[in-house]
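First comes the structure, then the notes that go with it.
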Amino acid sequence: MMHKNIVVIGNGMVGHHLLEHLMAQSPDVNVTVLSSEPRLAYDRVHLSEYFSGKSAEELALANEAQYKQWQVDVLCGERVVSIDRDSKTVQTEHGKRFTYDELVMATGSYPFVPPIPGNDQEHCLVYRTIEDLEAIQASAQHATVGVVVGGGLLGLEAANALRQLGLQTHVVEFAPQLMAVQVDGAGGSLLKSKIEELGVKVHCSKATENITSGNQRRYKMCFSDGETLETDLILFSAGIRPHDELARACDLDVGERGGIVIDNYCRTSDANIYAVGECALWQQRVFGLVAPGYQMAKVVAKRLLEEGSEEQFSGADMSTKLKLMGVDVGSIGDAHATTPGAQTYTYENQPLGIYKKIVVSEDRKTLLGAVLVGDCGDYDTLLQYMLNRIELPSAPEALILPMSDAAPSLGVDALPDTASICSCHNVSKGDVVAAIDGGACDLASVKNCTKASTGCGGCSALLKNLVDSTLEQRGLEVNADICEHFAYSRQELYDIIRVEGIKQFDELLDRHGNGLGCDTCKPAVGSILASLWNDYVLKEEHLPLQDTNDTYLANMQKDGSYSVVPRVPGGEITADKLIVLGEVAKKYDLYTKITGGQRVDLFGARLEQLPEIWAELIDAGFETGHAYGKSLRTVKSCVGESWCRYGVKDSVSMAIFLENRYKGLRAPHKIKMAVSGCTRECAEAQSKDIGVIATENGWNLYVCGNGGMRPRHADLFATDLNDEGLIRCIDRVLMFYVRTADRLQRTSVWMENLEGGLGYLKKVVVDDHLGVCDELEAQMDDIVGTYQCEWKTTLENPAALKRFRQFVNSDEPDESIQFVRVRDQISPADKTECVKAECITETEMA
Amino acid sequence: MGMKQWTHLCKTSDLVKDSGVCALMENTQIALFYLSRPKPQVYAIDNFDPIGKANVMSRGIVGSLNDEPVVASPLYKQHFSLIDGQCLEDEGRQIAVYPARIQGGDVQLSMAIAE
C-alpha cells in the first residue's frame with residue numbers, strides 16, 4: 001500500500017466533507033490540513049442561526065477529537081502563503097513547510113465589497129464567518145439602523161440577522177428586484193412586499209456612490225439618484241469571489257473573472273493539484289452552494305484513493321428552496337425562461353401572497369424551471385419533473401393550480417432509479433432502494449445508512465414516501481398494529497374511541513379487540529381515554545390500564561421505592577414552600593435532588609408512605625407534579641424582564657400560566673416546555689417539545705425539540721405572537737400531537753415522521769387546512785376545565801388508598817428496601833451492602 | 001403429591017380487579033393477581049422480580065400473550081406466565097407459582113410449589 005502525502009488547504013464545509021469521504025474509504029491515508037481560520041469547519045449554511053441562539057459549538061461540523069481519531073494533522077490559523085509546484089511544497093505564514101504528493105485547494109471564497117468610497121470604515125462589515133457575526137453583534141449593540149447592501153439570497157439572510165438584533169433594517173439592491181438570480185420580476189416584487197410587511201425597508205434600483213459620516217447616525221449613504229440614507233452599520237453582501245490568490249501566484253490557470261480552473265476530475269492545470277468548492281471554476285462557472293462543492297469533494301476523494309477513478313463532476317442543479325424571514329421561496333432550473341421556445345404558466349394569489357410560475361419546453365412535454373414565492377408545497381414534485389424529465393400532464397398548469405383535482409401528485413414509483421432524492425448528500429432513489437434491500441427496513445435506518453434527509457431535510461416527505469412504497473413492494477409493509485390484541489394503530493384506536501364515545505377499556509376490547517390486552521395496549525388506551533375524557537386515572541375501570549408509575553402516582557426506582565415530585569410551576573417557589581419540602585424530606589429521610597426541570601425530587605419513599613407524604617405536601621399547597629405520567633412535566637423559565645437586565649418579557653408569568661394550563665394533559669409521551677425572556681435563551685427552550693422565546697414584538701414559538709438521548713433542535717413555528725395567539729397555537733399543536741402521534745412517540749420523532757413536516761403542521765394549525773382547529777381547541781378547553789390534582793382526589797378516596805399498602809395482610813414494610821448513607825443522604829443499598837447498612841444503622845443508634 | 005394444604009391469605013375485598021396486590025405468607029412476599037376475564041380467577045406468584053431484583057411483581061400490568069395470562073415486570077417489562085412462571089423473553093428465568101383459589105370471601109393459597 002502506497003502512503004502518499006495529501007495536503008488540503010482550507011477547512012470549510014467542502015474541505016471537511018472531503019476528509020469525511022477520505023476517512024470513510026481509507027482511514028489510513030496521510031492527510032495534513034492547513035486552515036487560515038481560527039476554528040475547524042462549521043455550518044455556514046445555517047450561519048444566521050447564530051443570532052437566534054445557536055452557539056459556535058452547535059454550528060461546528062468538526063471537532064479536534066474527531067480529527068485526532070482520524071489521525072488527520074490539522075493546523076488552524078496557519079495560512080498558506082505560497083505553493084512551490086516544482087518541489088511540491090507549500091509554505092505557511094509562520095514559515096512552516098509541508099511537502100505533498102497531491103494537493104487539494106479548498107480555499108473557498110470571500111464576500112465581494114463593491115468599490116464604493118468609504119466602504120472601509122469601522123462599521124462596514126461582511127457576513128461570512130463566525131468572526132464576522134461577532135463583529136456584527138458588537139457593532140449592533142450601540143446601533144439603531146442597519147443596512148444590507150445586496151438583495152440576493154445571502155443579503156436577505158443577513159437582513160434577517162440585523163432584524164433579529166433589533167435594528168431598523170434596510171436592504172439596498174442595485175438591480176430592480178430582489179433575488180434576481182433565482183426569481184423573476186413578479187416573484188421578486190411579491191417577495192419585496194412580504195419582506196416589507198415584516199418591517200424591512202427594501203430599496204431596489206439603488207446605486208450607492210459614497211459613504212460619508214452621518215448627522216443622526218454613524219454614516220450617510222449617498223445614492224446616484226440624489227437620495228440619502230443614514231445608518232449605524234453597513235453589511236456588504238453583494239456576491240462572492242473565489243479565493244484564488246495562491247493559485248494565481250503559482251501560475252495555475254484561473255478564470256478571467258476569478259476561480260481556479262478545473263476539469264471534470266476537479267484537477268487544476270497541474271495534475272497533482274485539485275480544487276473544490278467555491279474557489280473552483282468549472283466550465284466558466286463558480287458554484288456558490290454547498291451541494292456542488294460536496295459533489296466535487298466526493299470526486300476528488302475517489303480520485304486520490306483510486307488512481308484513474310472515472311468518477312466525474314458533471315455540474316450541479318442549482319435549484320433552491322429556502323425560507324427567508326418566514327417567506328417560502330423556491331427556484332428550479334431555468335427560472336427566467338431563457339431556453340429558446342420556452343413557454344410559461346403563472347398563478348398569482350395576491351390576497352394570500354402566493355406566486356407560482358412554471359417554465360415548460362416548446363412542446364410542453366418537459367418542465368424546464370419554476371419560481372415559487374409564498375408557498376413551496378409543489379417544490380419537490382416540480383423538481384422531480386425537471387430533474388428526471390418526466391413527461392408533463394396535458395394541462396401542465398394543473399401542477400401549480402390550487403385545489404385542482406387534476407394535479408397529479410407524482411408517485412415515487414414514477415421516478416427513475418437515478419432520480420435524486422436528497423441533493424445535500426446526493427442520494428438517488430436507487431441508493432435508497434439498495435439500502436432497503438441491504439436490510440434497512442424503516443425510515444430511521446434508511447436515513448442512517450444513506451444520510452438522505454439529514455442535510456436541509458427538504459426531502460423528508462419524499463423520502464418517507466419512497467421508503468414506504470419500497471417496503472410495501474417488498475412485502476415488508478411495517479405492521480402498524482399496536483399489539484396482538486388490536487389490529488389498529490394508536491391513531492386508529494384514538495379515532496375509534498373518539499367517534500364511538502368509548503369510555504372504558506373493556507368496552508373497546510369487546511367491540512374491537514381480542515384476548516385480555518397487555519402492557520402495550522393497556523397504557524396506550526389508558527392515555528387515549530385520559531386525553532379524550534379526562535377521568536380520574538385511578539378509577540376502578542382505569543386503574544389496571546395505568547403504567548407502573550401512574551398506578552401509584554409516583555416514580556418507581558430500581559429497588560421498588562418511589563420518588564415524589566411536587567409541581568413547582570415555572571420553577572418559581574416561595575421560601576416557605578421550599579422549607580416544607582425540606583421538612584418533609586427530613587421527616588421521611590428522603591434523598592433530595594434538584595431536577596433539570598427546576599423542581600425538587602424526593603427519593604426513597606416506600607409505597608405505604610406515599611399517601612402520608614402527599615397529605616403533608618397538599619396541606620402546604622403543593623399539587624402533584626405528574627413526573628410519573630406521559631403528560632406535561634415542567635415549564636422551565638428564566639427570570640425574565642422582572643429581574644434580568646436583558647429580559648424583554650415576563651417569562652416567569654408566562655411559564656406559570658402555561659404550566660397551569662397544560663398540567664394533567666395526558667399525551668402519547670411526556671411533554672417538556674420552557675419560556676425564555678430574551679434571545680439569550682437561558683431557559684433552553686429550543687431543546688423542548690414546546691419552547692417560547694420572548695422578542696421585542698411578542699413571543700416566538702418553537703416546537704418539537706428534544707434534549708436527552710437524541711437531541712433535536714426545535715423548529716421555529718411562529719414569530720411575534722401575542723399571548724392569546726401563542727396559547728391558541730400551543731393548544732392546537734399539542735392536541736394535534738395527542739391525536740396523531742404513535743404511542744411513546746415524543747414530539748421530535750412525531751415531527752420527523754409527519755408527512756409534510758413543519759409545513760404541514762403549520763397548514764393544519766395556522767391555516768386550519770383540515771378544518772379541525774375548533775375541535776382541537778374545544779378539546780383542550782375541556783381538558784383544562786376538568787383538571788384535578790390526582791393526589792388530592794386519591795387522598796379523598798378510601799378505595800384508591802387501599803392499594804398503597806406493601807402487604808394487604810400485614811403492616812410490615814418491605815425489608816428488602818435498605819439504604820446506605822452517601823454524602824449525608826440515603827442511597828439504595830446493594831444486596832451485599834444490606835448487611836453493611838444494618839451495621840450503619842446500629843452505629844447510628846448507639 | 002399429597003393433598004394440598006390451603007391456607008387463608010387475605011379477603012377477596014383486598015384484591016383489585018384486573019390488577020395485582022402483595023400479601024405476606026410466612027416471610028415470603030406473594031403477588032396476587034385477580035383477572036376478571038375470561039372467567040374470574042386468582043393467580044399467585046413470587047413478588048420478587050428475578051431480573052430487576054426487587055419485590056415489585058404485584059405492581060406489573062396483567063394481560064395475555066397468545067392467550068396465556070401474563071404479568072409484565074414493572075421494572076424492565078419482561079413478561080412472566082401466570083400459569084407456570086416462565087419468563088417469555090428469557091428461557092432461563094422463572095418465577096415460583098403457587099396454587100391459589102377463592103373460597104367464599106377468602107383468598108387461599110397452597111405453599112406446595114406447583115410442578
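Order determines the names: the first chain of the C-alpha cells is A, the second B, and so forth; residues in each chain are numbered 1 upward, and ligands are numbered 1 upward as they are shown.
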
>> Report as number ranges by chain all protein, DNA and RNA residues lying within 10 Å of Gly326 (chain A), evaluated on only C-alpha atoms, omitting residues in the same chain fewer than 6 positions from it.
In response: A: 160, 194-195, 198, 374, 716-719

Distance limit 10 Å, atoms considered: only C-alpha atoms. Which chain A residues sit that close to chain B? Return them as a JSON list (two decimals) with N, CA, C and O atoms, in the first residue's frame.
```
[["chain", "number", "residue", "atom", "x", "y", "z"],
["A", 483, "CYS", "N", -50.59, -3.98, 18.93],
["A", 483, "CYS", "CA", -50.16, -5.24, 19.54],
["A", 483, "CYS", "C", -51.10, -6.34, 19.06],
["A", 483, "CYS", "O", -51.97, -6.10, 18.25],
["A", 484, "GLU", "N", -50.95, -7.56, 19.62],
["A", 484, "GLU", "CA", -51.76, -8.66, 19.11],
["A", 484, "GLU", "C", -53.24, -8.52, 19.47],
["A", 484, "GLU", "O", -54.08, -9.24, 18.94],
["A", 485, "HIS", "N", -53.57, -7.62, 20.38],
["A", 485, "HIS", "CA", -54.96, -7.53, 20.84],
["A", 485, "HIS", "C", -55.83, -6.61, 20.01],
["A", 485, "HIS", "O", -57.05, -6.65, 20.07],
["A", 506, "ASP", "N", -62.57, -2.23, 28.59],
["A", 506, "ASP", "CA", -63.30, -3.47, 28.32],
["A", 506, "ASP", "C", -64.28, -3.32, 27.16],
["A", 506, "ASP", "O", -64.46, -4.23, 26.36],
["A", 514, "ASN", "N", -59.25, -8.51, 20.98],
["A", 514, "ASN", "CA", -59.37, -9.88, 21.44],
["A", 514, "ASN", "C", -58.35, -10.14, 22.53],
["A", 514, "ASN", "O", -57.42, -9.35, 22.72],
["A", 515, "GLY", "N", -58.50, -11.24, 23.26],
["A", 515, "GLY", "CA", -57.60, -11.53, 24.37],
["A", 515, "GLY", "C", -57.87, -10.62, 25.55],
["A", 515, "GLY", "O", -58.95, -10.04, 25.68],
["A", 516, "LEU", "N", -56.86, -10.46, 26.40],
["A", 516, "LEU", "CA", -57.05, -9.68, 27.62],
["A", 516, "LEU", "C", -56.42, -8.29, 27.56],
["A", 516, "LEU", "O", -56.58, -7.50, 28.46],
["A", 517, "GLY", "N", -55.67, -8.04, 26.49],
["A", 517, "GLY", "CA", -54.88, -6.80, 26.48],
["A", 517, "GLY", "C", -53.51, -7.09, 27.06],
["A", 517, "GLY", "O", -53.24, -8.22, 27.49],
["A", 518, "CYS", "N", -52.62, -6.08, 27.07],
["A", 518, "CYS", "CA", -51.27, -6.30, 27.58],
["A", 518, "CYS", "C", -50.66, -4.98, 28.00],
["A", 518, "CYS", "O", -51.31, -3.94, 27.96],
["A", 519, "ASP", "N", -49.39, -5.04, 28.38],
["A", 519, "ASP", "CA", -48.74, -3.82, 28.86],
["A", 519, "ASP", "C", -48.39, -2.85, 27.74],
["A", 519, "ASP", "O", -47.83, -1.80, 27.99],
["A", 520, "THR", "N", -48.72, -3.21, 26.49],
["A", 520, "THR", "CA", -48.55, -2.25, 25.40],
["A", 520, "THR", "C", -49.86, -1.51, 25.15],
["A", 520, "THR", "O", -49.92, -0.28, 25.17],
["A", 521, "CYS", "N", -50.94, -2.27, 24.91],
["A", 521, "CYS", "CA", -52.20, -1.60, 24.54],
["A", 521, "CYS", "C", -52.90, -0.98, 25.74],
["A", 521, "CYS", "O", -53.57, 0.05, 25.59],
["A", 522, "LYS", "N", -52.76, -1.57, 26.91],
["A", 522, "LYS", "CA", -53.48, -1.02, 28.06],
["A", 522, "LYS", "C", -53.06, 0.42, 28.40],
["A", 522, "LYS", "O", -53.91, 1.30, 28.46],
["A", 523, "PRO", "N", -51.76, 0.67, 28.61],
["A", 523, "PRO", "CA", -51.39, 2.06, 28.90],
["A", 523, "PRO", "C", -51.70, 3.01, 27.75],
["A", 523, "PRO", "O", -52.07, 4.15, 27.97],
["A", 540, "GLU", "N", -61.76, 2.65, 39.22],
["A", 540, "GLU", "CA", -61.67, 1.19, 39.17],
["A", 540, "GLU", "C", -61.43, 0.65, 37.76],
["A", 540, "GLU", "O", -60.58, -0.20, 37.54],
["A", 541, "GLU", "N", -62.16, 1.20, 36.78],
["A", 541, "GLU", "CA", -62.05, 0.64, 35.43],
["A", 541, "GLU", "C", -60.79, 1.11, 34.71],
["A", 541, "GLU", "O", -60.38, 0.52, 33.71],
["A", 543, "LEU", "N", -57.74, 1.89, 36.46],
["A", 543, "LEU", "CA", -56.52, 1.56, 37.21],
["A", 543, "LEU", "C", -55.69, 0.45, 36.58],
["A", 543, "LEU", "O", -54.47, 0.59, 36.48],
["A", 544, "PRO", "N", -56.32, -0.65, 36.11],
["A", 544, "PRO", "CA", -55.49, -1.73, 35.56],
["A", 544, "PRO", "C", -54.76, -1.34, 34.28],
["A", 544, "PRO", "O", -53.90, -2.07, 33.80],
["A", 545, "LEU", "N", -55.13, -0.20, 33.68],
["A", 545, "LEU", "CA", -54.51, 0.21, 32.42],
["A", 545, "LEU", "C", -53.23, 1.00, 32.65],
["A", 545, "LEU", "O", -52.42, 1.16, 31.74],
["A", 546, "GLN", "N", -53.08, 1.53, 33.85],
["A", 546, "GLN", "CA", -52.01, 2.50, 34.06],
["A", 546, "GLN", "C", -50.66, 1.82, 34.13],
["A", 546, "GLN", "O", -50.51, 0.75, 34.70],
["A", 547, "ASP", "N", -49.67, 2.53, 33.60],
["A", 547, "ASP", "CA", -48.31, 2.07, 33.73],
["A", 547, "ASP", "C", -47.90, 2.12, 35.19],
["A", 547, "ASP", "O", -48.51, 2.85, 35.99],
["A", 548, "THR", "N", -46.88, 1.36, 35.52],
["A", 548, "THR", "CA", -46.40, 1.27, 36.90],
["A", 548, "THR", "C", -46.45, 2.59, 37.65],
["A", 548, "THR", "O", -46.99, 2.67, 38.75],
["A", 549, "ASN", "N", -45.86, 3.60, 37.05],
["A", 549, "ASN", "CA", -45.71, 4.85, 37.77],
["A", 549, "ASN", "C", -47.06, 5.54, 37.96],
["A", 549, "ASN", "O", -47.32, 6.09, 39.02],
["A", 551, "THR", "N", -49.91, 4.12, 38.28],
["A", 551, "THR", "CA", -50.73, 3.38, 39.24],
["A", 551, "THR", "C", -50.54, 3.91, 40.65],
["A", 551, "THR", "O", -51.45, 3.90, 41.46],
["A", 552, "TYR", "N", -49.30, 4.32, 40.95],
["A", 552, "TYR", "CA", -49.04, 4.80, 42.31],
["A", 552, "TYR", "C", -48.73, 6.28, 42.32],
["A", 552, "TYR", "O", -48.30, 6.82, 43.33],
["A", 556, "MET", "N", -41.29, 4.76, 40.23],
["A", 556, "MET", "CA", -40.63, 3.62, 40.85],
["A", 556, "MET", "C", -39.14, 3.65, 40.55],
["A", 556, "MET", "O", -38.72, 3.87, 39.42],
["A", 557, "GLN", "N", -38.33, 3.42, 41.57],
["A", 557, "GLN", "CA", -36.89, 3.36, 41.39],
["A", 557, "GLN", "C", -36.45, 1.90, 41.38],
["A", 557, "GLN", "O", -37.25, 1.00, 41.59],
["A", 558, "LYS", "N", -35.16, 1.68, 41.17],
["A", 558, "LYS", "CA", -34.72, 0.32, 40.89],
["A", 558, "LYS", "C", -34.93, -0.66, 42.04],
["A", 558, "LYS", "O", -35.02, -1.86, 41.84],
["A", 559, "ASP", "N", -35.05, -0.13, 43.27],
["A", 559, "ASP", "CA", -35.23, -1.03, 44.41],
["A", 559, "ASP", "C", -36.70, -1.19, 44.80],
["A", 559, "ASP", "O", -37.02, -1.80, 45.81],
["A", 560, "GLY", "N", -37.60, -0.62, 44.00],
["A", 560, "GLY", "CA", -39.02, -0.73, 44.32],
["A", 560, "GLY", "C", -39.52, 0.41, 45.20],
["A", 560, "GLY", "O", -40.70, 0.48, 45.50],
["A", 561, "SER", "N", -38.61, 1.31, 45.62],
["A", 561, "SER", "CA", -39.07, 2.50, 46.33],
["A", 561, "SER", "C", -39.48, 3.54, 45.29],
["A", 561, "SER", "O", -39.31, 3.33, 44.09],
["A", 799, "ALA", "N", -61.11, 3.84, 48.66],
["A", 799, "ALA", "CA", -60.93, 2.66, 47.81],
["A", 799, "ALA", "C", -59.60, 2.74, 47.07],
["A", 799, "ALA", "O", -58.89, 1.74, 46.95],
["A", 800, "ALA", "N", -59.25, 3.92, 46.60],
["A", 800, "ALA", "CA", -58.00, 4.07, 45.87],
["A", 800, "ALA", "C", -56.81, 3.93, 46.82],
["A", 800, "ALA", "O", -55.76, 3.40, 46.45],
["A", 802, "LYS", "N", -56.49, 2.04, 49.25],
["A", 802, "LYS", "CA", -56.28, 0.65, 49.64],
["A", 802, "LYS", "C", -55.04, 0.04, 48.98],
["A", 802, "LYS", "O", -54.40, -0.85, 49.52],
["A", 803, "ARG", "N", -54.75, 0.50, 47.79],
["A", 803, "ARG", "CA", -53.63, -0.11, 47.06],
["A", 803, "ARG", "C", -52.27, 0.35, 47.57],
["A", 803, "ARG", "O", -51.27, -0.23, 47.22],
["A", 804, "PHE", "N", -52.28, 1.44, 48.35],
["A", 804, "PHE", "CA", -50.98, 1.94, 48.81],
["A", 804, "PHE", "C", -50.54, 1.24, 50.09],
["A", 804, "PHE", "O", -50.33, 1.85, 51.12],
["A", 805, "ARG", "N", -50.50, -0.10, 49.98],
["A", 805, "ARG", "CA", -50.02, -0.90, 51.11],
["A", 805, "ARG", "C", -49.00, -1.87, 50.55],
["A", 805, "ARG", "O", -49.20, -2.42, 49.48],
["A", 806, "GLN", "N", -47.92, -2.10, 51.28],
["A", 806, "GLN", "CA", -46.95, -3.08, 50.81],
["A", 806, "GLN", "C", -47.60, -4.47, 50.84],
["A", 806, "GLN", "O", -47.51, -5.22, 49.88],
["A", 807, "PHE", "N", -48.28, -4.78, 51.95],
["A", 807, "PHE", "CA", -48.95, -6.08, 52.07],
["A", 807, "PHE", "C", -50.41, -5.87, 52.45],
["A", 807, "PHE", "O", -50.70, -5.07, 53.34],
["A", 808, "VAL", "N", -51.28, -6.62, 51.80],
["A", 808, "VAL", "CA", -52.70, -6.46, 52.13],
["A", 808, "VAL", "C", -53.02, -7.14, 53.46],
["A", 808, "VAL", "O", -54.06, -6.88, 54.06],
["A", 809, "ASN", "N", -52.12, -8.00, 53.93],
["A", 809, "ASN", "CA", -52.42, -8.74, 55.15],
["A", 809, "ASN", "C", -51.41, -8.49, 56.26],
["A", 809, "ASN", "O", -51.32, -9.26, 57.21],
["A", 810, "SER", "N", -50.63, -7.43, 56.15],
["A", 810, "SER", "CA", -49.63, -7.17, 57.19],
["A", 810, "SER", "C", -49.20, -5.70, 57.12],
["A", 810, "SER", "O", -49.22, -5.09, 56.04],
["A", 811, "ASP", "N", -48.81, -5.15, 58.26],
["A", 811, "ASP", "CA", -48.34, -3.76, 58.28],
["A", 811, "ASP", "C", -46.83, -3.65, 58.18],
["A", 811, "ASP", "O", -46.28, -2.56, 58.24],
["A", 812, "GLU", "N", -46.17, -4.78, 58.04],
["A", 812, "GLU", "CA", -44.71, -4.73, 57.95],
["A", 812, "GLU", "C", -44.25, -4.03, 56.67],
["A", 812, "GLU", "O", -44.93, -4.08, 55.66],
["A", 814, "ASP", "N", -41.48, -3.53, 53.42],
["A", 814, "ASP", "CA", -40.68, -4.43, 52.58],
["A", 814, "ASP", "C", -39.24, -4.37, 53.08],
["A", 814, "ASP", "O", -38.55, -3.39, 52.89],
["A", 815, "GLU", "N", -38.81, -5.45, 53.75],
["A", 815, "GLU", "CA", -37.50, -5.39, 54.39],
["A", 815, "GLU", "C", -36.34, -5.37, 53.40],
["A", 815, "GLU", "O", -35.21, -5.08, 53.77],
["A", 816, "SER", "N", -36.62, -5.63, 52.13],
["A", 816, "SER", "CA", -35.50, -5.63, 51.19],
["A", 816, "SER", "C", -35.14, -4.22, 50.74],
["A", 816, "SER", "O", -34.12, -4.02, 50.09],
["A", 817, "ILE", "N", -35.96, -3.23, 51.05],
["A", 817, "ILE", "CA", -35.57, -1.86, 50.72],
["A", 817, "ILE", "C", -34.67, -1.34, 51.84],
["A", 817, "ILE", "O", -35.11, -1.13, 52.96],
["A", 831, "LYS", "N", -27.44, -5.47, 47.40],
["A", 831, "LYS", "CA", -27.77, -6.59, 48.27],
["A", 831, "LYS", "C", -26.62, -6.89, 49.22],
["A", 831, "LYS", "O", -26.80, -7.17, 50.38]]
```

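Put simply, CA of Met296 (chain A) is 19.2 Å away from CA of Tyr110 (chain A).
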
> Which residues in region 157-239 of chain A does DSSP call alpha helix (DSSP H)? List them as a PyMOL selection string.
Replying inline: chain A and resi 157-164+185-197

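CA of Tyr385 (chain A) to CA of Ser420 (chain A) spans 11.0 Å [interatomic distance, one decimal].
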
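Pairwise distance (CA of Tyr43 (chain B), CA of Ile528 (chain A)) equals 28.8 Å.
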
> So which residues touch Glu500 (chain A) within 12 Å, counting only C-alpha atoms, skipping near sequence neighbours fewer than 5 positions away, as an NGL selection string?
Replying inline: :A and (492-495 or 507-508 or 511-512 or 532)

>> Excluding Leu190 (chain A) and its own-chain neighbours fewer than 6 positions away, which residues fall within 12 Å of it when counting only C-alpha atoms? Please give them as a list in words.
In response: Gln177, Leu178, Met179, Val183, Asp184, Glu196, Glu197, Val202, Val327, Asp328, Val329, Glu348, Asn349, Gln350, Pro351, Leu352, Gly353, Ile354, Tyr355, Lys356, Val371, Leu372, Val373, Gly374 and Asp375 of chain A

> Contacts of Asp132 (chain A) at 12 Å or less, counting only C-alpha atoms, minus same-chain residues fewer than 6 places along, as JSON, numbers by chain?
Replying inline: {"A": [37, 44, 47, 48, 50, 51, 110, 111, 123, 124, 125, 126, 138, 139, 158, 235, 236, 237]}

Produce a file of the selected residues containing N, CA, C and O atoms, as a PDB file, in the first residue's frame.
```
ATOM      1  N   GLU A  37      -8.286  29.855   9.081  1.00  0.00           N
ATOM      2  CA  GLU A  37      -9.306  30.270  10.043  1.00  0.00           C
ATOM      3  C   GLU A  37      -8.948  29.797  11.441  1.00  0.00           C
ATOM      4  O   GLU A  37      -8.231  28.814  11.605  1.00  0.00           O
ATOM      5  N   ARG A  44     -21.812  26.884   7.538  1.00  0.00           N
ATOM      6  CA  ARG A  44     -22.065  28.254   7.115  1.00  0.00           C
ATOM      7  C   ARG A  44     -23.461  28.430   6.531  1.00  0.00           C
ATOM      8  O   ARG A  44     -23.978  29.534   6.461  1.00  0.00           O
ATOM      9  N   LEU A  47     -25.604  29.721   9.207  1.00  0.00           N
ATOM     10  CA  LEU A  47     -24.891  30.735   9.973  1.00  0.00           C
ATOM     11  C   LEU A  47     -25.832  31.692  10.691  1.00  0.00           C
ATOM     12  O   LEU A  47     -25.600  32.090  11.818  1.00  0.00           O
ATOM     13  N   SER A  48     -26.941  32.048  10.027  1.00  0.00           N
ATOM     14  CA  SER A  48     -27.840  33.055  10.617  1.00  0.00           C
ATOM     15  C   SER A  48     -28.411  32.567  11.940  1.00  0.00           C
ATOM     16  O   SER A  48     -28.833  33.363  12.767  1.00  0.00           O
ATOM     17  N   TYR A  50     -26.886  31.581  14.318  1.00  0.00           N
ATOM     18  CA  TYR A  50     -26.026  32.091  15.383  1.00  0.00           C
ATOM     19  C   TYR A  50     -26.749  33.199  16.144  1.00  0.00           C
ATOM     20  O   TYR A  50     -26.627  33.324  17.349  1.00  0.00           O
ATOM     21  N   PHE A  51     -27.533  33.978  15.414  1.00  0.00           N
ATOM     22  CA  PHE A  51     -28.252  35.088  16.048  1.00  0.00           C
ATOM     23  C   PHE A  51     -29.550  34.643  16.707  1.00  0.00           C
ATOM     24  O   PHE A  51     -30.107  35.350  17.522  1.00  0.00           O
ATOM     25  N   TYR A 110     -14.554  34.758  -0.711  1.00  0.00           N
ATOM     26  CA  TYR A 110     -14.693  35.881   0.227  1.00  0.00           C
ATOM     27  C   TYR A 110     -15.800  36.794  -0.298  1.00  0.00           C
ATOM     28  O   TYR A 110     -16.093  36.807  -1.492  1.00  0.00           O
ATOM     29  N   PRO A 111     -16.413  37.558   0.584  1.00  0.00           N
ATOM     30  CA  PRO A 111     -17.513  38.425   0.146  1.00  0.00           C
ATOM     31  C   PRO A 111     -16.973  39.567  -0.706  1.00  0.00           C
ATOM     32  O   PRO A 111     -15.937  40.144  -0.393  1.00  0.00           O
ATOM     33  N   HIS A 123     -17.626  50.336  10.895  1.00  0.00           N
ATOM     34  CA  HIS A 123     -18.873  49.584  10.971  1.00  0.00           C
ATOM     35  C   HIS A 123     -19.394  49.158   9.596  1.00  0.00           C
ATOM     36  O   HIS A 123     -20.595  48.994   9.400  1.00  0.00           O
ATOM     37  N   CYS A 124     -18.479  49.069   8.623  1.00  0.00           N
ATOM     38  CA  CYS A 124     -18.814  48.496   7.321  1.00  0.00           C
ATOM     39  C   CYS A 124     -18.318  47.054   7.348  1.00  0.00           C
ATOM     40  O   CYS A 124     -17.112  46.809   7.385  1.00  0.00           O
ATOM     41  N   LEU A 125     -19.245  46.106   7.361  1.00  0.00           N
ATOM     42  CA  LEU A 125     -18.884  44.731   7.648  1.00  0.00           C
ATOM     43  C   LEU A 125     -19.355  43.774   6.559  1.00  0.00           C
ATOM     44  O   LEU A 125     -20.073  44.184   5.643  1.00  0.00           O
ATOM     45  N   VAL A 126     -18.945  42.519   6.669  1.00  0.00           N
ATOM     46  CA  VAL A 126     -19.421  41.483   5.752  1.00  0.00           C
ATOM     47  C   VAL A 126     -19.991  40.328   6.571  1.00  0.00           C
ATOM     48  O   VAL A 126     -19.906  40.326   7.802  1.00  0.00           O
ATOM     49  N   ALA A 138     -21.270  42.978  17.893  1.00  0.00           N
ATOM     50  CA  ALA A 138     -20.655  44.053  18.676  1.00  0.00           C
ATOM     51  C   ALA A 138     -21.091  45.407  18.129  1.00  0.00           C
ATOM     52  O   ALA A 138     -21.458  46.310  18.879  1.00  0.00           O
ATOM     53  N   SER A 139     -21.073  45.523  16.816  1.00  0.00           N
ATOM     54  CA  SER A 139     -21.405  46.796  16.189  1.00  0.00           C
ATOM     55  C   SER A 139     -22.869  47.154  16.420  1.00  0.00           C
ATOM     56  O   SER A 139     -23.222  48.322  16.580  1.00  0.00           O
ATOM     57  N   ALA A 158     -28.811  38.026   5.699  1.00  0.00           N
ATOM     58  CA  ALA A 158     -28.105  38.983   6.549  1.00  0.00           C
ATOM     59  C   ALA A 158     -29.093  40.009   7.111  1.00  0.00           C
ATOM     60  O   ALA A 158     -29.010  40.407   8.272  1.00  0.00           O
ATOM     61  N   LEU A 235     -23.726  46.319   5.988  1.00  0.00           N
ATOM     62  CA  LEU A 235     -23.282  44.950   5.718  1.00  0.00           C
ATOM     63  C   LEU A 235     -23.224  44.759   4.215  1.00  0.00           C
ATOM     64  O   LEU A 235     -24.234  44.925   3.536  1.00  0.00           O
ATOM     65  N   PHE A 236     -22.067  44.388   3.695  1.00  0.00           N
ATOM     66  CA  PHE A 236     -21.981  44.137   2.263  1.00  0.00           C
ATOM     67  C   PHE A 236     -22.239  42.667   1.981  1.00  0.00           C
ATOM     68  O   PHE A 236     -21.597  41.789   2.554  1.00  0.00           O
ATOM     69  N   SER A 237     -23.198  42.422   1.124  1.00  0.00           N
ATOM     70  CA  SER A 237     -23.499  41.052   0.752  1.00  0.00           C
ATOM     71  C   SER A 237     -23.836  41.058  -0.729  1.00  0.00           C
ATOM     72  O   SER A 237     -24.960  40.823  -1.137  1.00  0.00           O
TER      73      SER A 237
END
```
